[in-house]
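**Student:** Dropping the structure in here first, questions after.
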Amino acid sequence: MEKMHFSIFINAPKEKVWKTMLDEDTYRQWTDVFMPGSHYVGDWSEGSKILFLAPNETGKMSGMVSKIKENRLYEYISIEHRGEVEDGKEKEREWAGALENYTFKEKGSATEVLVDMDANEEFKEMLQDIWPKALQKLKKLAEK
């Protein structure tokens, strides 16, 4: 596992950025960059199970099985990835325990969003390309 870091400044208060990032409708919009049809099933409350899903090439739902490890409203959220959903079935993976963390820091009237995550070598290049695009889309949505 390798640690990856991404960040962006968004000209909006952290409460608005948080809501834009995590509310179901806007989540679907900015995460479409990762995979068209991306969405989640579950909620962001600490300790809860959450599935991050998108239709695969056959139209079946695939994605990640995760748990919200920590949630400090408008400040920090930590997602622990446990496994994958393949063709509708949950499977634990060897990388279980990998973290994806979002930190929201208000800087005057803007918010800095920091993304820190564990990534497998096989996904590193793809994530380096996609995360900046996703954060730009989040910025555009939050600054409306």
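Ordering of the structure tokens sets the chain letters (A, B, ...); residue numbers start at 1 within each chain; ligands are numbered from 1 in the order shown.
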For Met61 of chain A, find every residue with an atom within 12 Å (counting only C-alpha atoms), except residues of its own chain fewer than 2 positions away, and show them as a PyMOL selection string.

**Tutor:** chain A and resi 35-41+51-59+63-65+84-90

**Student:** Could you write out the selected residues, including N, CA and C atoms, as a JSON list (two decimals), in the first residue's frame?

**Tutor:**
[["chain", "number", "residue", "atom", "x", "y", "z"],
["A", 35, "MET", "N", -16.30, 6.65, -12.25],
["A", 35, "MET", "CA", -17.04, 5.64, -12.99],
["A", 35, "MET", "C", -18.46, 6.17, -13.18],
["A", 36, "PRO", "N", -18.95, 6.25, -14.43],
["A", 36, "PRO", "CA", -20.33, 6.70, -14.64],
["A", 36, "PRO", "C", -21.31, 5.85, -13.82],
["A", 37, "GLY", "N", -22.24, 6.53, -13.17],
["A", 37, "GLY", "CA", -23.22, 5.83, -12.34],
["A", 37, "GLY", "C", -22.78, 5.61, -10.91],
["A", 38, "SER", "N", -21.64, 6.19, -10.54],
["A", 38, "SER", "CA", -21.15, 6.04, -9.16],
["A", 38, "SER", "C", -22.16, 6.59, -8.16],
["A", 39, "HIS", "N", -22.34, 5.85, -7.07],
["A", 39, "HIS", "CA", -23.24, 6.26, -6.00],
["A", 39, "HIS", "C", -22.88, 5.46, -4.75],
["A", 40, "TYR", "N", -23.55, 5.78, -3.66],
["A", 40, "TYR", "CA", -23.33, 5.00, -2.45],
["A", 40, "TYR", "C", -24.66, 4.51, -1.91],
["A", 41, "VAL", "N", -24.57, 3.42, -1.15],
["A", 41, "VAL", "CA", -25.73, 2.85, -0.45],
["A", 41, "VAL", "C", -25.30, 2.76, 1.02],
["A", 51, "LEU", "N", -21.63, 1.15, 0.97],
["A", 51, "LEU", "CA", -21.18, 0.55, -0.28],
["A", 51, "LEU", "C", -21.01, 1.66, -1.31],
["A", 52, "PHE", "N", -19.88, 1.67, -2.00],
["A", 52, "PHE", "CA", -19.62, 2.60, -3.09],
["A", 52, "PHE", "C", -19.74, 1.80, -4.37],
["A", 53, "LEU", "N", -20.76, 2.10, -5.17],
["A", 53, "LEU", "CA", -21.12, 1.24, -6.30],
["A", 53, "LEU", "C", -21.20, 1.99, -7.62],
["A", 54, "ALA", "N", -21.06, 1.22, -8.69],
["A", 54, "ALA", "CA", -21.30, 1.70, -10.05],
["A", 54, "ALA", "C", -21.57, 0.47, -10.91],
["A", 55, "PRO", "N", -22.35, 0.64, -11.97],
["A", 55, "PRO", "CA", -22.58, -0.52, -12.84],
["A", 55, "PRO", "C", -21.30, -0.88, -13.60],
["A", 56, "ASN", "N", -21.02, -2.20, -13.68],
["A", 56, "ASN", "CA", -19.86, -2.64, -14.46],
["A", 56, "ASN", "C", -20.27, -2.81, -15.92],
["A", 57, "GLU", "N", -19.36, -3.35, -16.72],
["A", 57, "GLU", "CA", -19.64, -3.47, -18.16],
["A", 57, "GLU", "C", -20.82, -4.38, -18.48],
["A", 58, "THR", "N", -21.21, -5.27, -17.56],
["A", 58, "THR", "CA", -22.37, -6.13, -17.79],
["A", 58, "THR", "C", -23.64, -5.54, -17.18],
["A", 59, "GLY", "N", -23.50, -4.36, -16.51],
["A", 59, "GLY", "CA", -24.65, -3.71, -15.91],
["A", 59, "GLY", "C", -24.90, -4.09, -14.47],
["A", 63, "GLY", "N", -18.14, -2.54, -6.86],
["A", 63, "GLY", "CA", -17.57, -1.43, -6.12],
["A", 63, "GLY", "C", -16.91, -1.86, -4.84],
["A", 64, "MET", "N", -16.98, -0.98, -3.85],
["A", 64, "MET", "CA", -16.27, -1.17, -2.58],
["A", 64, "MET", "C", -17.24, -1.38, -1.42],
["A", 65, "VAL", "N", -16.83, -2.26, -0.50],
["A", 65, "VAL", "CA", -17.52, -2.46, 0.77],
["A", 65, "VAL", "C", -16.68, -1.73, 1.81],
["A", 84, "GLU", "N", -14.67, -5.75, -1.77],
["A", 84, "GLU", "CA", -15.30, -5.35, -3.02],
["A", 84, "GLU", "C", -16.67, -6.00, -3.18],
["A", 85, "VAL", "N", -17.48, -5.37, -3.99],
["A", 85, "VAL", "CA", -18.73, -5.95, -4.45],
["A", 85, "VAL", "C", -18.49, -6.30, -5.90],
["A", 86, "GLU", "N", -18.64, -7.58, -6.23],
["A", 86, "GLU", "CA", -18.50, -8.05, -7.61],
["A", 86, "GLU", "C", -19.76, -8.80, -7.98],
["A", 87, "ASP", "N", -20.40, -8.34, -9.04],
["A", 87, "ASP", "CA", -21.65, -8.96, -9.50],
["A", 87, "ASP", "C", -22.65, -9.13, -8.37],
["A", 88, "GLY", "N", -22.72, -8.10, -7.50],
["A", 88, "GLY", "CA", -23.70, -8.11, -6.43],
["A", 88, "GLY", "C", -23.29, -8.87, -5.18],
["A", 89, "LYS", "N", -22.10, -9.48, -5.17],
["A", 89, "LYS", "CA", -21.65, -10.25, -4.01],
["A", 89, "LYS", "C", -20.48, -9.55, -3.33],
["A", 90, "GLU", "N", -20.50, -9.51, -1.99],
["A", 90, "GLU", "CA", -19.43, -8.88, -1.22],
["A", 90, "GLU", "C", -18.31, -9.88, -0.98]]

**Student:** What's around segment 114-125 of chain A at 12 Å? Count only C-alpha atoms, leave out sequence neighbours fewer than 2 positions away in its own chain, and write the answer as number ranges by chain.

**Tutor:** A: 1-10, 14, 17-18, 21, 34, 75-81, 93-106, 111-112, 127-132, 134-135

**Student:** Please identify which residues in segment 28-96 of chain A DSSP calls strand (DSSP E or B) from the backbone, and express them as number ranges by chain.

**Tutor:** A: 39-42, 49-55, 61-72, 76-86, 89-92

**Student:** For the residues selected in the previous step, produce a file with C-alpha atoms as a compact mmCIF listing (two decimals), in the first residue's frame.

**Tutor:**
# COMPACT_ATOMS: atom_id res chain seq x y z
CA HIS A 39 -23.24 6.26 -6.00
CA TYR A 40 -23.33 5.00 -2.45
CA VAL A 41 -25.73 2.85 -0.45
CA GLY A 42 -25.68 3.53 3.29
CA LYS A 49 -21.40 0.20 6.61
CA ILE A 50 -21.42 1.95 3.25
CA LEU A 51 -21.18 0.55 -0.28
CA PHE A 52 -19.62 2.60 -3.09
CA LEU A 53 -21.12 1.24 -6.30
CA ALA A 54 -21.30 1.70 -10.05
CA PRO A 55 -22.58 -0.52 -12.84
CA MET A 61 -23.29 -3.36 -9.49
CA SER A 62 -19.65 -3.51 -8.49
CA GLY A 63 -17.57 -1.43 -6.12
CA MET A 64 -16.27 -1.17 -2.58
CA VAL A 65 -17.52 -2.46 0.77
CA SER A 66 -16.51 0.07 3.40
CA LYS A 67 -17.11 1.32 6.92
CA ILE A 68 -17.16 4.89 8.21
CA LYS A 69 -14.33 4.71 10.74
CA GLU A 70 -14.63 8.32 11.95
CA ASN A 71 -16.91 11.29 11.25
CA ARG A 72 -16.28 14.73 12.73
CA TYR A 76 -12.98 15.05 8.92
CA ILE A 77 -14.26 11.74 7.63
CA SER A 78 -12.35 8.46 7.55
CA ILE A 79 -13.48 5.58 5.35
CA GLU A 80 -12.08 2.09 5.94
CA HIS A 81 -12.33 -0.09 2.84
CA ARG A 82 -13.04 -3.74 3.65
CA GLY A 83 -13.53 -5.42 0.31
CA GLU A 84 -15.30 -5.35 -3.02
CA VAL A 85 -18.73 -5.95 -4.45
CA GLU A 86 -18.50 -8.05 -7.61
CA LYS A 89 -21.65 -10.25 -4.01
CA GLU A 90 -19.43 -8.88 -1.22
CA LYS A 91 -15.88 -10.24 -1.01
CA GLU A 92 -13.19 -9.31 1.48

**Student:** One number please: atom CA of Gly108 of chain A to atom CA of Pro13 of chain A, in Å, one decimal.

**Tutor:**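 Atom CA of Pro13 of chain A lies 8.5 Å from atom CA of Gly108 of chain A.
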
**Student:** Could you pull out the alpha helix (DSSP H) residues of chain A from DSSP and send them as a ChimeraX atom specification?

**Tutor:** /A:14-22,24-31,121-142

**Student:** In Å, how far is it from atom CA of Lys137 of chain A to atom CA of Trp30 of chain A?

**Tutor:**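 About the pair atom CA of Lys137 of chain A and atom CA of Trp30 of chain A: they are 5.3 Å apart.
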
**Student:** Quick one, how far is atom CA of Lys139 of chain A from atom CA of Asp23 of chain A?

**Tutor:**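 Taking atom CA of Lys139 of chain A as the start and atom CA of Asp23 of chain A as the end point, the length is 14.4 Å.
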